[in-house]
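This is my_file-v6.txt. It holds compact mmCIF, C-alpha atoms and all ligand atoms.
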# COMPACT_ATOMS: atom_id res chain seq x y z
CA MET A 594 3.14 24.97 -5.88
CA LYS A 595 5.50 22.41 -4.33
CA ILE A 596 4.19 21.05 -1.07
CA LEU A 597 6.20 19.27 1.58
CA VAL A 598 4.10 16.65 3.38
CA ILE A 599 5.33 15.67 6.84
CA ASN A 600 4.24 12.71 8.95
CA CYS A 601 6.14 12.99 12.18
CA GLY A 602 6.32 10.31 14.88
CA SER A 603 8.22 10.37 18.15
CA SER A 604 11.39 8.93 16.61
CA SER A 605 10.67 9.03 12.89
CA LEU A 606 9.75 11.54 10.21
CA LYS A 607 8.29 10.55 6.83
CA PHE A 608 8.16 13.12 4.07
CA GLN A 609 7.15 13.65 0.46
CA LEU A 610 7.53 16.65 -1.81
CA ILE A 611 4.48 16.86 -4.06
CA ASP A 612 3.90 19.08 -7.07
CA SER A 613 0.34 20.34 -6.61
CA LYS A 614 -0.13 20.84 -10.35
CA THR A 615 0.89 17.37 -11.58
CA GLU A 616 0.15 15.71 -8.20
CA GLU A 617 3.41 13.79 -8.64
CA ALA A 618 5.70 12.96 -5.74
CA LEU A 619 9.00 14.62 -6.66
CA ALA A 620 10.81 12.90 -3.80
CA LYS A 621 10.07 10.90 -0.70
CA GLY A 622 12.01 9.75 2.30
CA LEU A 623 12.23 8.74 5.92
CA CYS A 624 14.34 9.81 8.90
CA GLU A 625 14.43 7.08 11.55
CA ARG A 626 15.80 6.54 15.02
CA ILE A 627 15.68 10.27 15.75
CA GLY A 628 17.19 10.96 19.16
CA ILE A 629 18.77 7.48 19.27
CA ASP A 630 21.41 7.32 16.53
CA GLY A 631 19.78 8.05 13.19
CA SER A 632 19.37 6.86 9.62
CA MET A 633 17.85 8.45 6.57
CA SER A 634 16.52 7.29 3.24
CA PHE A 635 15.76 9.56 0.31
CA THR A 636 14.28 8.61 -3.06
CA PRO A 637 14.06 11.23 -5.78
CA LYS A 638 11.48 10.71 -8.53
CA ASP A 639 12.95 8.36 -11.18
CA GLY A 640 16.01 7.85 -8.96
CA GLU A 641 17.46 5.16 -6.74
CA LYS A 642 16.84 5.10 -3.01
CA ILE A 643 19.78 6.62 -1.13
CA LYS A 644 20.25 5.31 2.40
CA ARG A 645 22.70 6.58 4.93
CA GLU A 646 23.51 6.37 8.61
CA VAL A 647 23.68 9.88 9.98
CA ALA A 648 23.42 11.34 13.48
CA ILE A 649 19.90 12.75 14.02
CA PRO A 650 19.83 14.03 17.61
CA ASP A 651 16.44 15.76 17.27
CA HIS A 652 13.61 16.63 14.88
CA THR A 653 15.10 20.03 14.03
CA ARG A 654 18.14 18.23 12.64
CA ALA A 655 15.83 15.80 10.80
CA ILE A 656 14.08 18.71 9.05
CA GLN A 657 17.47 20.22 8.16
CA LEU A 658 18.46 16.88 6.61
CA VAL A 659 15.19 16.75 4.65
CA ILE A 660 15.88 20.24 3.27
CA GLU A 661 19.52 19.37 2.52
CA SER A 662 18.44 16.25 0.62
CA LEU A 663 15.72 18.06 -1.35
CA THR A 664 18.17 20.81 -2.38
CA ASP A 665 21.25 18.59 -2.85
CA PRO A 666 22.99 19.57 -6.13
CA THR A 667 23.38 15.91 -7.21
CA HIS A 668 20.27 14.05 -5.99
CA GLY A 669 18.01 16.93 -5.00
CA VAL A 670 14.80 17.89 -6.80
CA ILE A 671 14.63 21.64 -6.06
CA SER A 672 17.29 24.33 -6.24
CA SER A 673 16.39 26.16 -3.04
CA LEU A 674 14.08 26.20 -0.06
CA GLU A 675 12.17 29.07 -1.67
CA GLU A 676 10.54 26.54 -3.98
CA ILE A 677 8.59 24.96 -1.11
CA GLY A 678 5.28 26.82 -1.14
CA ALA A 679 3.66 25.17 1.88
CA VAL A 680 3.99 22.32 4.36
CA GLY A 681 1.17 19.89 5.16
CA HIS A 682 1.38 18.07 8.49
CA ARG A 683 -0.45 14.88 9.38
CA ILE A 684 -1.96 15.32 12.85
CA VAL A 685 -3.50 12.19 14.33
CA HIS A 686 -6.14 13.58 16.70
CA GLY A 687 -8.21 16.68 16.08
CA GLY A 688 -10.83 15.90 18.76
CA GLU A 689 -14.14 17.68 18.21
CA ARG A 690 -12.36 21.02 17.72
CA PHE A 691 -11.02 20.26 14.23
CA THR A 692 -13.57 19.11 11.70
CA LYS A 693 -11.46 20.22 8.73
CA SER A 694 -7.87 20.85 7.75
CA THR A 695 -6.64 24.15 9.16
CA LEU A 696 -3.86 26.68 8.57
CA ILE A 697 -1.47 26.45 11.50
CA ASP A 698 -0.93 29.41 13.79
CA ASP A 699 -0.10 29.70 17.51
CA ASP A 700 -3.77 29.21 18.51
CA VAL A 701 -4.07 26.03 16.45
CA ILE A 702 -0.90 24.62 18.02
CA HIS A 703 -2.30 25.46 21.44
CA ASP A 704 -5.59 23.69 20.63
CA ILE A 705 -3.84 20.58 19.26
CA GLU A 706 -1.81 20.49 22.47
CA ALA A 707 -4.97 20.81 24.54
CA ILE A 708 -6.40 17.59 23.05
CA SER A 709 -3.13 15.65 23.27
CA ASP A 710 -4.44 13.56 26.15
CA LEU A 711 -6.67 11.83 23.55
CA ALA A 712 -3.58 10.73 21.58
CA PRO A 713 -0.61 10.98 23.93
CA LEU A 714 1.68 8.92 21.69
CA HIS A 715 0.87 10.77 18.49
CA ASN A 716 -0.15 14.43 18.85
CA PRO A 717 2.93 15.59 20.81
CA ALA A 718 5.15 13.88 18.21
CA ASN A 719 3.19 15.48 15.36
CA LEU A 720 3.66 18.88 17.01
CA ILE A 721 7.41 18.39 17.32
CA GLY A 722 7.44 18.15 13.50
CA VAL A 723 5.31 21.29 13.19
CA ARG A 724 7.63 23.27 15.46
CA ALA A 725 10.79 22.03 13.76
CA CYS A 726 9.38 23.01 10.34
CA ARG A 727 8.29 26.43 11.55
CA GLU A 728 11.80 27.01 12.89
CA ALA A 729 13.44 25.98 9.63
CA MET A 730 10.92 27.69 7.32
CA PRO A 731 9.40 30.59 9.32
CA SER A 732 7.76 32.26 6.33
CA VAL A 733 6.24 29.12 4.75
CA PRO A 734 2.53 28.52 5.49
CA MET A 735 1.75 25.24 7.28
CA VAL A 736 -1.46 23.24 7.33
CA ALA A 737 -2.67 20.63 9.83
CA VAL A 738 -4.56 17.69 8.29
CA PHE A 739 -6.29 15.52 10.89
CA ASP A 740 -6.86 11.74 10.83
CA THR A 741 -10.09 12.24 12.74
CA ALA A 742 -11.61 15.16 10.77
CA PHE A 743 -13.40 13.12 8.08
CA HIS A 744 -15.32 11.19 10.75
CA GLN A 745 -16.64 14.30 12.50
CA THR A 746 -19.85 14.08 10.44
CA MET A 747 -20.89 10.93 12.33
CA PRO A 748 -24.23 11.34 14.07
CA GLU A 749 -24.46 11.13 17.85
CA GLU A 750 -25.99 7.64 17.70
CA ALA A 751 -22.81 6.40 15.97
CA TYR A 752 -20.18 8.20 18.03
CA LEU A 753 -21.57 7.74 21.55
CA TYR A 754 -20.65 4.72 23.65
CA GLY A 755 -23.13 3.15 26.04
CA LEU A 756 -21.34 4.79 28.96
CA PRO A 757 -22.65 7.39 31.39
CA TYR A 758 -23.22 10.47 29.23
CA GLU A 759 -21.28 12.61 31.72
CA TYR A 760 -18.03 10.92 30.60
CA TYR A 761 -18.61 12.24 27.11
CA VAL A 762 -19.44 15.70 28.44
CA LYS A 763 -16.58 15.87 30.95
CA HIS A 764 -13.84 13.93 29.17
CA GLY A 765 -14.80 13.76 25.50
CA ILE A 766 -14.97 9.94 25.64
CA ARG A 767 -16.60 8.95 22.35
CA ARG A 768 -15.80 7.39 19.00
CA TYR A 769 -13.54 9.62 16.88
CA GLY A 770 -12.27 7.27 14.17
CA PHE A 771 -8.90 7.38 12.40
CA HIS A 772 -7.41 6.93 8.88
CA GLY A 773 -9.84 9.72 7.90
CA THR A 774 -7.55 11.12 5.20
CA SER A 775 -7.47 7.70 3.55
CA HIS A 776 -11.23 7.09 3.87
CA SER A 777 -11.89 10.53 2.40
CA TYR A 778 -9.46 10.15 -0.50
CA VAL A 779 -10.63 6.65 -1.40
CA SER A 780 -14.36 7.39 -1.12
CA HIS A 781 -14.04 10.47 -3.38
CA ARG A 782 -12.03 8.44 -5.88
CA ALA A 783 -14.59 5.59 -5.76
CA ALA A 784 -17.42 8.00 -6.62
CA GLU A 785 -15.37 9.28 -9.57
CA LEU A 786 -14.55 5.79 -10.82
CA MET A 787 -18.16 4.65 -10.41
CA ARG A 788 -19.31 7.81 -12.24
CA ARG A 789 -21.60 8.72 -9.40
CA ASN A 790 -22.13 11.98 -7.60
CA TYR A 791 -20.26 11.95 -4.26
CA GLU A 792 -23.33 13.49 -2.61
CA ASP A 793 -25.48 10.52 -3.74
CA VAL A 794 -23.24 7.49 -3.39
CA LYS A 795 -23.39 5.00 -0.51
CA LEU A 796 -20.12 3.16 0.18
CA VAL A 797 -18.32 0.94 2.64
CA ILE A 798 -14.58 1.66 2.69
CA CYS A 799 -12.30 -1.10 4.02
CA HIS A 800 -8.87 0.30 4.89
CA LEU A 801 -7.03 -2.94 5.62
CA GLY A 802 -3.41 -2.37 6.55
CA ASN A 803 -1.35 -3.10 9.61
CA GLY A 804 -3.84 -0.76 11.27
CA ALA A 805 -7.29 -1.48 9.85
CA SER A 806 -10.58 0.39 9.89
CA ILE A 807 -13.88 0.46 8.03
CA SER A 808 -16.18 3.36 7.41
CA ALA A 809 -19.71 3.83 6.15
CA VAL A 810 -19.93 6.78 3.79
CA ARG A 811 -23.40 7.96 2.90
CA ARG A 812 -24.20 10.80 0.54
CA GLY A 813 -20.87 12.56 0.99
CA GLN A 814 -20.53 12.06 4.74
CA CYS A 815 -18.96 9.51 7.04
CA ILE A 816 -21.79 8.11 9.16
CA ASP A 817 -19.87 5.46 11.10
CA THR A 818 -16.40 4.01 11.48
CA SER A 819 -14.84 1.11 13.34
CA MET A 820 -11.99 2.78 15.26
CA GLY A 821 -13.03 4.56 18.42
CA LEU A 822 -11.59 6.85 21.06
CA THR A 823 -8.25 5.35 20.06
CA PRO A 824 -7.11 3.22 17.09
CA LEU A 825 -7.40 0.06 19.22
CA GLU A 826 -11.10 -0.53 18.60
CA GLY A 827 -12.78 -2.21 15.65
CA LEU A 828 -11.26 -4.75 13.31
CA ILE A 829 -8.63 -7.28 14.28
CA MET A 830 -5.35 -5.70 13.13
CA GLY A 831 -1.68 -6.64 12.74
CA THR A 832 -0.98 -6.63 16.47
CA ARG A 833 -4.02 -4.73 17.84
CA VAL A 834 -6.92 -6.63 19.32
CA GLY A 835 -9.91 -4.70 17.92
CA ASP A 836 -13.32 -5.21 19.56
CA ILE A 837 -13.43 -7.24 22.77
CA ASP A 838 -15.55 -7.58 25.88
CA PRO A 839 -14.04 -4.91 28.20
CA SER A 840 -14.12 -7.43 31.08
CA VAL A 841 -11.35 -9.37 29.33
CA ILE A 842 -8.89 -6.74 30.55
CA ASP A 843 -9.56 -7.44 34.21
CA VAL A 844 -9.67 -11.21 33.69
CA ILE A 845 -6.23 -11.21 31.99
CA ARG A 846 -4.87 -8.93 34.71
CA GLN A 847 -5.95 -11.38 37.41
CA LYS A 848 -4.99 -14.59 35.62
CA GLU A 849 -1.61 -13.33 34.42
CA HIS A 850 -0.86 -11.50 37.70
CA CYS A 851 -0.01 -8.25 35.96
CA HIS A 852 -1.11 -4.62 35.77
CA VAL A 853 -3.65 -2.99 33.47
CA ALA A 854 -0.76 -1.27 31.64
CA ASP A 855 0.72 -4.70 30.87
CA VAL A 856 -2.62 -5.93 29.54
CA MET A 857 -2.91 -2.80 27.37
CA GLU A 858 0.53 -3.55 25.97
CA VAL A 859 -0.68 -7.05 25.02
CA LEU A 860 -3.84 -5.65 23.42
CA ASN A 861 -1.79 -3.18 21.35
CA LYS A 862 1.34 -5.12 20.51
CA LYS A 863 0.79 -8.86 20.91
CA SER A 864 -2.77 -9.38 19.79
CA GLY A 865 -4.46 -9.09 16.39
CA VAL A 866 -3.43 -11.60 13.72
CA TYR A 867 -0.03 -11.79 15.39
CA GLY A 868 -1.45 -13.08 18.67
CA LEU A 869 -4.18 -15.10 17.01
CA SER A 870 -1.63 -16.91 14.84
CA ASN A 871 0.30 -17.91 17.94
CA TYR A 872 2.94 -15.29 17.05
CA TYR A 873 3.42 -16.80 13.57
CA SER A 874 3.47 -13.30 12.03
CA SER A 875 1.66 -9.97 11.91
CA ASP A 876 2.51 -9.63 8.22
CA PHE A 877 -0.17 -10.78 5.79
CA ARG A 878 2.42 -11.90 3.24
CA ASP A 879 3.61 -14.55 5.74
CA LEU A 880 0.08 -15.37 6.88
CA GLU A 881 -1.11 -15.89 3.29
CA GLU A 882 1.81 -18.17 2.61
CA GLY A 883 0.96 -20.13 5.77
CA TYR A 884 -2.72 -20.27 4.76
CA GLU A 885 -1.82 -21.65 1.31
CA LYS A 886 0.26 -24.35 3.02
CA SER A 887 -2.64 -25.10 5.40
CA ASN A 888 -0.66 -23.98 8.42
CA GLU A 889 -3.18 -24.06 11.28
CA ASP A 890 -1.98 -20.92 13.05
CA ALA A 891 -1.92 -18.79 9.90
CA THR A 892 -5.28 -20.13 8.72
CA ARG A 893 -6.96 -19.31 12.04
CA ALA A 894 -5.66 -15.74 11.92
CA VAL A 895 -6.60 -15.10 8.28
CA LYS A 896 -10.10 -16.57 8.65
CA THR A 897 -10.87 -14.70 11.86
CA PHE A 898 -9.59 -11.41 10.41
CA CYS A 899 -11.77 -11.82 7.31
CA TYR A 900 -14.84 -12.81 9.31
CA HIS A 901 -14.62 -9.63 11.37
CA VAL A 902 -14.34 -7.50 8.22
CA LEU A 903 -17.38 -9.32 6.83
CA LYS A 904 -19.39 -8.60 9.98
CA TYR A 905 -18.56 -4.90 9.85
CA ILE A 906 -19.49 -4.68 6.18
CA GLY A 907 -22.86 -6.26 7.01
CA SER A 908 -23.54 -3.78 9.79
CA TYR A 909 -22.52 -0.80 7.65
CA VAL A 910 -24.79 -1.94 4.83
CA ALA A 911 -27.60 -1.68 7.39
CA ALA A 912 -26.35 1.68 8.70
CA ASN A 913 -26.19 3.00 5.12
CA ASN A 914 -29.61 1.56 4.25
CA GLY A 915 -28.04 -0.31 1.33
CA ILE A 916 -24.87 0.42 -0.61
CA HIS A 917 -23.62 1.05 -4.14
CA GLY A 918 -20.03 -0.01 -3.60
CA ILE A 919 -17.41 -1.59 -1.37
CA VAL A 920 -13.80 -0.46 -1.62
CA PHE A 921 -10.63 -2.24 -0.48
CA THR A 922 -7.54 -0.17 0.23
CA ALA A 923 -4.21 -0.06 2.17
CA GLY A 924 -1.51 -2.75 2.26
CA ILE A 925 -3.75 -5.82 2.63
CA GLY A 926 -6.82 -4.41 0.86
CA GLU A 927 -4.77 -3.41 -2.17
CA ASN A 928 -2.54 -6.47 -2.37
CA SER A 929 -4.32 -9.53 -1.06
CA PRO A 930 -6.68 -11.30 -3.49
CA LEU A 931 -7.05 -14.03 -0.87
CA VAL A 932 -8.42 -11.72 1.82
CA ARG A 933 -10.76 -9.99 -0.64
CA ARG A 934 -12.01 -13.36 -1.93
CA LEU A 935 -12.65 -14.75 1.55
CA ILE A 936 -14.74 -11.67 2.36
CA VAL A 937 -16.53 -10.91 -0.91
CA ARG A 938 -17.55 -14.50 -1.60
CA ARG A 939 -19.74 -14.36 1.50
CA LEU A 940 -21.56 -11.23 0.33
CA GLY A 941 -23.58 -12.98 -2.37
CA PHE A 942 -26.76 -12.21 -0.41
CA LEU A 943 -26.28 -8.56 -1.44
CA GLY A 944 -26.21 -9.55 -5.11
CA ILE A 945 -22.43 -9.15 -5.17
CA GLN A 946 -20.50 -11.31 -7.60
CA LEU A 947 -16.71 -11.38 -7.50
CA ASP A 948 -14.83 -11.36 -10.80
CA GLU A 949 -12.18 -13.89 -9.75
CA GLU A 950 -9.82 -13.03 -12.59
CA ALA A 951 -9.97 -9.29 -11.92
CA ASN A 952 -9.52 -9.94 -8.21
CA ASN A 953 -6.45 -12.11 -8.77
CA SER A 954 -4.79 -9.55 -11.00
CA ALA A 955 -5.59 -6.49 -8.86
CA ARG A 956 -2.48 -5.70 -6.86
CA GLY A 957 -1.80 -2.10 -5.97
CA VAL A 958 -3.83 -0.73 -8.90
CA GLU A 959 -7.29 0.79 -9.28
CA LYS A 960 -9.55 -2.01 -10.45
CA GLU A 961 -13.17 -3.06 -10.35
CA ILE A 962 -13.23 -6.63 -9.05
CA SER A 963 -16.98 -7.35 -9.23
CA THR A 964 -18.63 -8.73 -12.36
CA LEU A 965 -20.53 -6.45 -14.74
CA ASP A 966 -23.90 -7.67 -13.46
CA SER A 967 -22.97 -7.51 -9.76
CA LEU A 968 -25.63 -5.42 -8.01
CA VAL A 969 -23.05 -3.78 -5.73
CA LYS A 970 -19.70 -2.78 -7.20
CA VAL A 971 -16.47 -3.83 -5.53
CA TRP A 972 -13.29 -1.87 -6.15
CA VAL A 973 -9.63 -1.96 -5.22
CA ILE A 974 -8.38 1.63 -4.91
CA PRO A 975 -4.84 2.33 -3.66
CA THR A 976 -4.91 4.99 -0.98
CA ASN A 977 -2.69 8.06 -1.15
CA GLU A 978 -2.77 9.88 2.16
CA GLU A 979 0.19 12.12 1.25
CA LEU A 980 -1.56 13.35 -1.88
CA ALA A 981 -4.75 13.99 0.10
CA ILE A 982 -2.72 16.05 2.62
CA ALA A 983 -1.02 17.95 -0.22
CA ARG A 984 -4.40 18.70 -1.84
CA ASP A 985 -5.87 20.12 1.38
CA THR A 986 -2.70 22.11 2.02
CA TYR A 987 -2.78 23.58 -1.47
CA LYS A 988 -6.48 24.39 -1.21
CA LEU A 989 -6.06 26.23 2.10
CA CYS A 990 -2.92 28.14 1.13
CA HIS A 991 -4.35 29.13 -2.22
CA PHE A 992 -7.56 30.31 -0.51
CA ALA A 993 -5.57 32.20 2.15
CA GLU A 994 -3.53 33.96 -0.56
CA GLU A 995 -6.73 35.17 -2.17
CA ASN A 996 -8.47 35.97 1.15
CA PRO A 997 -5.66 37.24 3.38
CA ALA A 998 -7.99 38.11 6.27
CA THR A 999 -9.08 34.48 6.76
CA SER A 1000 -7.03 31.66 8.26
CA THR A 1001 -9.51 28.81 8.00
CA VAL A 1002 -11.72 27.69 5.18
CA THR A 1003 -14.95 25.85 4.77
CA GLU A 1004 -14.87 23.54 1.77
P1 LIG A 1101 -0.08 -0.75 5.53
O1 LIG A 1101 -0.23 -0.59 7.01
O2 LIG A 1101 -1.18 -0.15 4.73
O3 LIG A 1101 1.28 -0.37 5.02
O4 LIG A 1101 -0.21 -2.33 5.25
C1 LIG A 1101 0.69 -3.24 5.81
C2 LIG A 1101 0.10 -4.64 5.65
O5 LIG A 1101 -0.09 -4.91 4.25
C3 LIG A 1101 1.00 -5.75 6.18
O6 LIG A 1101 0.24 -6.71 6.90
C4 LIG A 1101 1.54 -6.36 4.92
O7 LIG A 1101 1.86 -7.67 5.07
C5 LIG A 1101 0.38 -6.22 3.97
N1 LIG A 1101 0.82 -6.40 2.60
C6 LIG A 1101 1.69 -5.63 1.90
N2 LIG A 1101 1.92 -6.19 0.69
C7 LIG A 1101 1.18 -7.32 0.62
C8 LIG A 1101 1.00 -8.35 -0.36
N3 LIG A 1101 1.60 -8.29 -1.54
N4 LIG A 1101 0.15 -9.36 -0.07
C9 LIG A 1101 -0.48 -9.42 1.12
N5 LIG A 1101 -0.33 -8.50 2.09
C10 LIG A 1101 0.48 -7.47 1.85

Could you write out this structure as structure tokens?
Ligand code: AMP
Amino acid sequence: MKILVINCGSSSLKFQLIDSKTEEALAKGLCERIGIDGSMSFTPKDGEKIKREVAIPDHTRAIQLVIESLTDPTHGVISSLEEIGAVGHRIVHGGERFTKSTLIDDDVIHDIEAISDLAPLHNPANLIGVRACREAMPSVPMVAVFDTAFHQTMPEEAYLYGLPYEYYVKHGIRRYGFHGTSHSYVSHRAAELMRRNYEDVKLVICHLGNGASISAVRRGQCIDTSMGLTPLEGLIMGTRVGDIDPSVIDVIRQKEHCHVADVMEVLNKKSGVYGLSNYYSSDFRDLEEGYEKSNEDATRAVKTFCYHVLKYIGSYVAANNGIHGIVFTAGIGENSPLVRRLIVRRLGFLGIQLDEEANNSARGVEKEISTLDSLVKVWVIPTNEELAIARDTYKLCHFAEENPATSTVTE
């Protein structure tokens, strides 16, 4: 089955067409500046990237362009729309309602809408993509895959904040966690690579990208994660602040004579390694270069970022009651030997030994970077959220075909 994976934002739409049998991406692309002017890129498997400026007034037009590109007689990879067996949609927030991927129907759309106040920037945009796809492909089954679902196994002690309990009951204010599709994919892959049963293995997964989060995975379940009600909590990120004393918000508001909304903008867009480095850069390629040249601003940002990752790993080792492995993934985790070295070298107390040569050569490939006699294994495992979405979509559609009376599935 060929599965179209859609990741829809308010003005962008990323897509991949994945063959569920070979698990290969047959094509991928991006529609940007939707509703503004519009541009589109499309890369067929084994082909060159094709970029063009094209008017994209809304998401319905974006989906039409995706279909036109996929079926284009010259660059396309399928001969007709009929070849698309299902569509998998990334949905950011599933609240407590969605603990697993789900076949989309009107009730599911209604329920995703009902929890949109938890992710006002993301869920409505995700739903625009769902609606546009349903309009263009009314008979094709669609599946919602949630960023939060993997973390729904967290126990109460991990997901509750120290706030009045009534806020959780009335408003659902709690830790939800994000990047769940990545944490799930990478932790399953780590168990495979370590030749351990997923139900037995204890892992700490470090998803270090522009957005960054860590999770503790114990015997097949996520038991804690660093992002919270929103993706602002936890690690220091590209431009997001991560954990702070909540009083800081009011202090900045008073000192800078601004509103809470302005402070929130700073915490989301001007903080993280970008703010810490005195606006040197939010991109780790620049920060690494600065660090190597002993630039003070870059060095401060890199060191502080790594220290916070280290602290989280330590706390998740305790939460997991020991671990078998640590995994690095996402843009920085997969590509930065420097960041991995600065973190792993300080974990010697766990019996971890870094294989420096393996670490230096591991860039964007699956690789064990601890020595053979390291007590805890350390791996680099590239994430593949699109493939994880395609797998869930296939599983659900295949199951629904065989059990037509059911619209949801337990794994
Ligand atoms: P992501 O959000 O997973 O796409 O990751 C984006 C982050 O990965 C950015 O901070 C990039 O600078 C960083 N990144 C990508 N490639 C490299 C690289 N070769 N070395 C260091 N950081 C990288």

Contact residues around region 795-809 of chain A with only C-alpha atoms at 7 Å, ignoring same-chain residues under 4 positions, as a PDB file with C-alpha atoms, in the coordinates of the input:
ATOM      1  CA  HIS A 776     -11.230   7.090   3.870  1.00  0.00           C
ATOM      2  CA  SER A 780     -14.360   7.390  -1.120  1.00  0.00           C
ATOM      3  CA  CYS A 815     -18.960   9.510   7.040  1.00  0.00           C
ATOM      4  CA  ILE A 816     -21.790   8.110   9.160  1.00  0.00           C
ATOM      5  CA  ASP A 817     -19.870   5.460  11.100  1.00  0.00           C
ATOM      6  CA  THR A 818     -16.400   4.010  11.480  1.00  0.00           C
ATOM      7  CA  SER A 819     -14.840   1.110  13.340  1.00  0.00           C
ATOM      8  CA  MET A 820     -11.990   2.780  15.260  1.00  0.00           C
ATOM      9  CA  GLY A 827     -12.780  -2.210  15.650  1.00  0.00           C
ATOM     10  CA  LEU A 828     -11.260  -4.750  13.310  1.00  0.00           C
ATOM     11  CA  MET A 830      -5.350  -5.700  13.130  1.00  0.00           C
ATOM     12  CA  GLY A 831      -1.680  -6.640  12.740  1.00  0.00           C
ATOM     13  CA  ILE A 906     -19.490  -4.680   6.180  1.00  0.00           C
ATOM     14  CA  TYR A 909     -22.520  -0.800   7.650  1.00  0.00           C
ATOM     15  CA  ASN A 913     -26.190   3.000   5.120  1.00  0.00           C
ATOM     16  CA  ILE A 916     -24.870   0.420  -0.610  1.00  0.00           C
ATOM     17  CA  HIS A 917     -23.620   1.050  -4.140  1.00  0.00           C
ATOM     18  CA  GLY A 918     -20.030  -0.010  -3.600  1.00  0.00           C
ATOM     19  CA  ILE A 919     -17.410  -1.590  -1.370  1.00  0.00           C
ATOM     20  CA  VAL A 920     -13.800  -0.460  -1.620  1.00  0.00           C
ATOM     21  CA  PHE A 921     -10.630  -2.240  -0.480  1.00  0.00           C
ATOM     22  CA  THR A 922      -7.540  -0.170   0.230  1.00  0.00           C
ATOM     23  CA  ALA A 923      -4.210  -0.060   2.170  1.00  0.00           C
ATOM     24  CA  GLY A 924      -1.510  -2.750   2.260  1.00  0.00           C
ATOM     25  CA  ILE A 925      -3.750  -5.820   2.630  1.00  0.00           C
ATOM     26  CA  GLY A 926      -6.820  -4.410   0.860  1.00  0.00           C
TER      27      GLY A 926
END

**Message:** I'd like the interatomic distance between CA of Asp890 (chain A) and atom C4 of ligand LIG 1101 (chain A), to a tenth of an Å.
**Reply:**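 Going from CA of Asp890 (chain A) over to atom C4 of ligand LIG 1101 (chain A), I get 17.0 Å.
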
**Request:** Grab me every residue within 12 Å of ligand LIG 1101 (chain A), counting only C-alpha atoms and all ligand atoms, and send it over as a PyMOL selection string.
**Result:** chain A and resi 772+775+799-806+829-833+865-867+874-884+894-895+898+921-933+953-958+975-978

**Asked** Pick from A:Gly688, A:Ala891, A:His901, A:Ile842: nearest to Ala854 (chain A), with all atoms listed in the file counted?
**Response**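 That would be A:Ile842, the residue with the smallest distance to Ala854 (chain A).
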
**Message:** Could you tell me how far CA of Asp710 (chain A) sits from CA of Pro748 (chain A), in Å to one decimal place?
**Reply:** 23.3 Å

**Prompt:** Separation of CA of Glu706 (chain A) and CA of Met633 (chain A), in Å?
**Reply:**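 Result for CA of Glu706 (chain A) versus CA of Met633 (chain A): 28.0 Å, one decimal.
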
**Message:** Using all atoms listed in the file for the distances, tell me which of A:Glu949, A:Pro717, A:Ile611, A:Ile705 is nearest to Ile671 (chain A).
**Reply:**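 Using all atoms listed in the file, Ile671 (chain A) sits closest to A:Ile611.
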
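Distances here use only C-alpha atoms; by that measure, the residue among A:Glu849, A:Asp699, A:Glu785, A:Glu689 closest to Arg768 (chain A) is A:Glu689.
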
**Prompt:** Between A:Asp630, A:Asp651, A:Asp700, A:Asp740, which one has atoms that come closest to Leu606 (chain A), using all atoms listed in the file?
**Reply:** A:Asp651

**Asked** Any idea what's packed within 8 Å of Glu961 (chain A), counting all atoms listed in the file, ignoring anything in its chain fewer than 5 positions away? Could you give it as a PyMOL selection string?
**Response** chain A and resi 951+970-973

**Asked** What lies within 7 Å of Val685 (chain A) using all atoms listed in the file, ignoring chain neighbours under 5 positions off, as number ranges by chain?
**Response** A: 715-716, 739-741

**Asked** Could you list as a list of chain:residue names every residue that has an atom within 9 Å of (7.8, 7.6, 8.1), using the file's coordinates and counting all atoms listed in the file?
**Response** A:Ile599, A:Asn600, A:Cys601, A:Gly602, A:Ser605, A:Leu606, A:Lys607, A:Phe608, A:Gly622, A:Leu623, A:Cys624, A:Glu625

**Message:** Neighbouring residues of His744 (chain A) were defined as those with any atom within 7 Å, considering all atoms listed in the file; residues of the same chain fewer than 5 positions away were excluded. Please report them as JSON, numbers by chain.
**Reply:** {"A": [769, 770, 773, 815]}

**Request:** Find the residues near Asn790 (chain A): any atom within 10 Å, counting all atoms listed in the file, skip ones fewer than 6 places away on the same chain, and give them as a PyMOL selection string.
**Result:** chain A and resi 781+784+812-813

Please report, as AutoDock Vina command-line options, the centre and edge lengths in Å to one decimal of an axis-aligned box covering all listed atoms of region 792-811 of chain A with 6 Å per side.
--center_x -13.4 --center_y 5.2 --center_z 3.8 --size_x 36.1 --size_y 28.6 --size_z 27.0

**Asked** Between A:Thr892, A:Asn996, A:Thr986, A:Ser662, which is the closest to Ile697 (chain A) once you count only C-alpha atoms?
**Response**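 Closest candidate: A:Thr986.
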